[in-house]
Amino acid sequence: MKYLYALFIFFALSVSPLYAQHSYSDFERGLNLSDAQRTSVEDVKRKYMDEWHASRREAIKKKLELRDLYKNPSSNRGRIETLQKQILELEISRESLYSQYRGEISRILNEEQLEKYNNFCGSERRKSMRPLGLRGYGR
């Protein structure tokens, strides 16, 4: 009986819900974009993604350096404060890029698509984001 119960739990956890969206691409397909909209969305993505990724890589490098400096905070206080400020500035910059990106995407969509897009983005951000002040930097 325990074996059957364990097997049931395994399958219940490993089989995804039928209607779950597994990626942004799946979500985007559900918007039923026209060819012109799809082309416009891809253009907007290209416009912002390189800069957003570069900013993210830079923030990761600084966070790794900061983590090393926390091993001896008393002798690295000035550098720690500088890195904390730079990381916060990079995060604010990425938030600004994200807002600009969303604004451009929103202008491409019709009302129904826009409602779905805003609901999706809002739920994804709630899952993955914390307020800037709660990220562990600038304590």
# chains A, B, ... in the order shown; residues from 1 in each chain; ligands from 1
>>> closest_atom_pairs(of="range 69-138 of chain A", to="range 46-59 of chain A", cutoff="12 Å", atoms="only C-alpha atoms", output="Markdown table")
| residue | atom | partner | partner_atom | distance |
| --- | --- | --- | --- | --- |
| A:Leu83 | CA | A:Ala59 | CA | 9.3 |
| A:Gln84 | CA | A:Ala59 | CA | 10.0 |
| A:Lys85 | CA | A:Ala59 | CA | 10.9 |
| A:Gln86 | CA | A:Ala59 | CA | 8.0 |
| A:Ile87 | CA | A:Ala59 | CA | 5.6 |
| A:Leu88 | CA | A:Ala59 | CA | 8.7 |
| A:Glu89 | CA | A:Ala59 | CA | 9.3 |
| A:Leu90 | CA | A:Ser55 | CA | 6.3 |
| A:Glu91 | CA | A:Ala59 | CA | 7.7 |
| A:Ile92 | CA | A:Ser55 | CA | 10.3 |
| A:Ser93 | CA | A:Ser55 | CA | 8.0 |
| A:Arg94 | CA | A:Trp52 | CA | 6.1 |
| A:Glu95 | CA | A:Trp52 | CA | 9.3 |
| A:Ser96 | CA | A:Trp52 | CA | 9.9 |
| A:Leu97 | CA | A:Trp52 | CA | 6.9 |
| A:Tyr98 | CA | A:Trp52 | CA | 8.1 |
| A:Ser99 | CA | A:Tyr48 | CA | 10.6 |
| A:Gln100 | CA | A:Tyr48 | CA | 8.6 |
| A:Tyr101 | CA | A:Tyr48 | CA | 6.6 |
| A:Arg102 | CA | A:Tyr48 | CA | 10.2 |
| A:Gly103 | CA | A:Tyr48 | CA | 11.8 |
| A:Glu104 | CA | A:Tyr48 | CA | 10.3 |
| A:Ile105 | CA | A:Tyr48 | CA | 11.2 |
| A:Tyr137 | CA | A:Ala59 | CA | 11.7 |
>>> atom_distance(atom1="CA of Arg38 in chain A", atom2="CA of Phe120 in chain A")
17.4 Å
>>> residues_around(residues="Tyr24 in chain A", least_positions_apart="4", cutoff="12 Å", atoms="only C-alpha atoms", output="list in words")
Ala20, Glu28, Arg29, Gly30, Leu31, Tyr117, Phe120, Cys121 and Glu124 of chain A
>>> atom_distance(atom1="CA of Val44 in chain A", atom2="CA of Ser123 in chain A")
21.5 Å
>>> residues_around(residues="Arg67 in chain A", least_positions_apart="4", cutoff="12 Å", atoms="only C-alpha atoms", output="CSV table (one decimal) with all heavy atoms, in the first residue's frame")
chain,number,residue,atom,x,y,z
A,60,ILE,N,25.5,40.7,-11.2
A,60,ILE,CA,26.0,39.4,-10.7
A,60,ILE,C,27.4,39.4,-10.3
A,60,ILE,O,27.8,39.0,-9.2
A,60,ILE,CB,25.7,38.2,-11.7
A,60,ILE,CG1,24.2,38.0,-11.7
A,60,ILE,CG2,26.4,37.0,-11.3
A,60,ILE,CD1,23.7,37.0,-12.9
A,61,LYS,N,28.3,40.0,-11.2
A,61,LYS,CA,29.7,40.1,-10.8
A,61,LYS,C,29.9,40.9,-9.6
A,61,LYS,O,30.7,40.6,-8.7
A,61,LYS,CB,30.4,40.8,-12.0
A,61,LYS,CG,30.7,39.9,-13.2
A,61,LYS,CD,31.4,40.5,-14.4
A,61,LYS,CE,31.9,41.9,-14.3
A,61,LYS,NZ,32.5,42.3,-15.6
A,62,LYS,N,29.2,42.0,-9.4
A,62,LYS,CA,29.3,42.9,-8.2
A,62,LYS,C,28.8,42.1,-7.0
A,62,LYS,O,29.3,42.3,-5.9
A,62,LYS,CB,28.6,44.2,-8.5
A,62,LYS,CG,29.3,45.1,-9.5
A,62,LYS,CD,28.6,46.4,-9.6
A,62,LYS,CE,29.2,47.3,-10.7
A,62,LYS,NZ,30.6,47.6,-10.5
A,63,LYS,N,27.7,41.4,-7.1
A,63,LYS,CA,27.2,40.6,-6.0
A,63,LYS,C,28.2,39.6,-5.5
A,63,LYS,O,28.3,39.3,-4.3
A,63,LYS,CB,25.9,40.0,-6.3
A,63,LYS,CG,24.7,41.0,-6.4
A,63,LYS,CD,23.4,40.3,-6.9
A,63,LYS,CE,22.3,41.3,-7.0
A,63,LYS,NZ,21.0,40.7,-7.4
A,71,LYS,N,33.2,38.6,3.9
A,71,LYS,CA,34.0,37.7,4.8
A,71,LYS,C,34.8,38.5,5.8
A,71,LYS,O,35.2,38.0,6.8
A,71,LYS,CB,34.8,36.8,3.9
A,71,LYS,CG,34.0,35.8,3.1
A,71,LYS,CD,34.9,35.0,2.2
A,71,LYS,CE,34.1,34.1,1.3
A,71,LYS,NZ,34.8,33.5,0.2
A,72,ASN,N,35.2,39.7,5.4
A,72,ASN,CA,35.9,40.6,6.3
A,72,ASN,C,35.4,42.0,6.2
A,72,ASN,O,36.0,42.9,5.6
A,72,ASN,CB,37.4,40.6,5.9
A,72,ASN,CG,38.3,41.3,6.9
A,72,ASN,OD1,37.8,41.8,8.0
A,72,ASN,ND2,39.6,41.3,6.6
A,73,PRO,N,34.2,42.3,6.7
A,73,PRO,CA,33.5,43.5,6.5
A,73,PRO,C,34.2,44.8,7.1
A,73,PRO,O,34.1,45.8,6.5
A,73,PRO,CB,32.1,43.3,7.1
A,73,PRO,CG,32.2,42.2,8.0
A,73,PRO,CD,33.4,41.4,7.5
A,76,ASN,N,36.7,46.2,4.7
A,76,ASN,CA,36.2,46.5,3.4
A,76,ASN,C,35.0,47.4,3.3
A,76,ASN,O,34.2,47.4,2.4
A,76,ASN,CB,35.9,45.1,2.7
A,76,ASN,CG,37.1,44.2,2.5
A,76,ASN,OD1,38.1,44.7,2.0
A,76,ASN,ND2,37.0,43.0,2.9
A,79,ARG,N,34.4,49.8,0.3
A,79,ARG,CA,34.1,49.1,-1.0
A,79,ARG,C,32.7,48.4,-0.9
A,79,ARG,O,32.0,48.4,-1.9
A,79,ARG,CB,35.2,48.0,-1.3
A,79,ARG,CG,35.0,47.3,-2.5
A,79,ARG,CD,35.2,48.1,-3.8
A,79,ARG,NE,35.0,47.4,-5.0
A,79,ARG,CZ,34.4,47.8,-6.1
A,79,ARG,NH1,34.1,49.1,-6.1
A,79,ARG,NH2,34.2,47.1,-7.1
A,80,ILE,N,32.4,47.9,0.2
A,80,ILE,CA,31.1,47.2,0.4
A,80,ILE,C,30.0,48.3,0.1
A,80,ILE,O,29.0,48.0,-0.6
A,80,ILE,CB,30.9,46.6,1.8
A,80,ILE,CG1,31.8,45.3,1.9
A,80,ILE,CG2,29.5,46.3,2.1
A,80,ILE,CD1,31.9,44.8,3.3
A,83,LEU,N,29.8,49.1,-3.6
A,83,LEU,CA,29.2,48.0,-4.4
A,83,LEU,C,27.7,47.9,-4.1
A,83,LEU,O,26.9,47.7,-5.0
A,83,LEU,CB,29.8,46.6,-4.0
A,83,LEU,CG,31.2,46.4,-4.7
A,83,LEU,CD1,31.8,45.1,-4.1
A,83,LEU,CD2,31.0,46.3,-6.2
A,84,GLN,N,27.2,48.1,-2.9
A,84,GLN,CA,25.8,48.1,-2.6
A,84,GLN,C,25.1,49.2,-3.4
A,84,GLN,O,24.0,48.9,-3.9
A,84,GLN,CB,25.6,48.3,-1.1
A,84,GLN,CG,26.0,47.1,-0.2
A,84,GLN,CD,25.9,47.4,1.3
A,84,GLN,OE1,26.0,48.6,1.7
A,84,GLN,NE2,25.8,46.4,2.1
A,136,GLY,N,18.6,42.0,0.4
A,136,GLY,CA,19.7,41.6,1.1
A,136,GLY,C,20.9,42.6,0.9
A,136,GLY,O,22.0,42.3,1.5
A,137,TYR,N,20.8,43.6,0.2
A,137,TYR,CA,21.9,44.5,0.0
A,137,TYR,C,21.5,45.9,0.6
A,137,TYR,O,20.4,46.3,0.5
A,137,TYR,CB,22.3,44.6,-1.5
A,137,TYR,CG,22.7,43.3,-2.0
A,137,TYR,CD1,21.7,42.6,-2.8
A,137,TYR,CD2,23.9,42.8,-1.8
A,137,TYR,CE1,22.1,41.3,-3.2
A,137,TYR,CE2,24.2,41.5,-2.2
A,137,TYR,CZ,23.3,40.8,-2.9
A,137,TYR,OH,23.6,39.5,-3.4
>>> atom_distance(atom1="CA of Val41 in chain A", atom2="CA of Ile108 in chain A")
7.3 Å
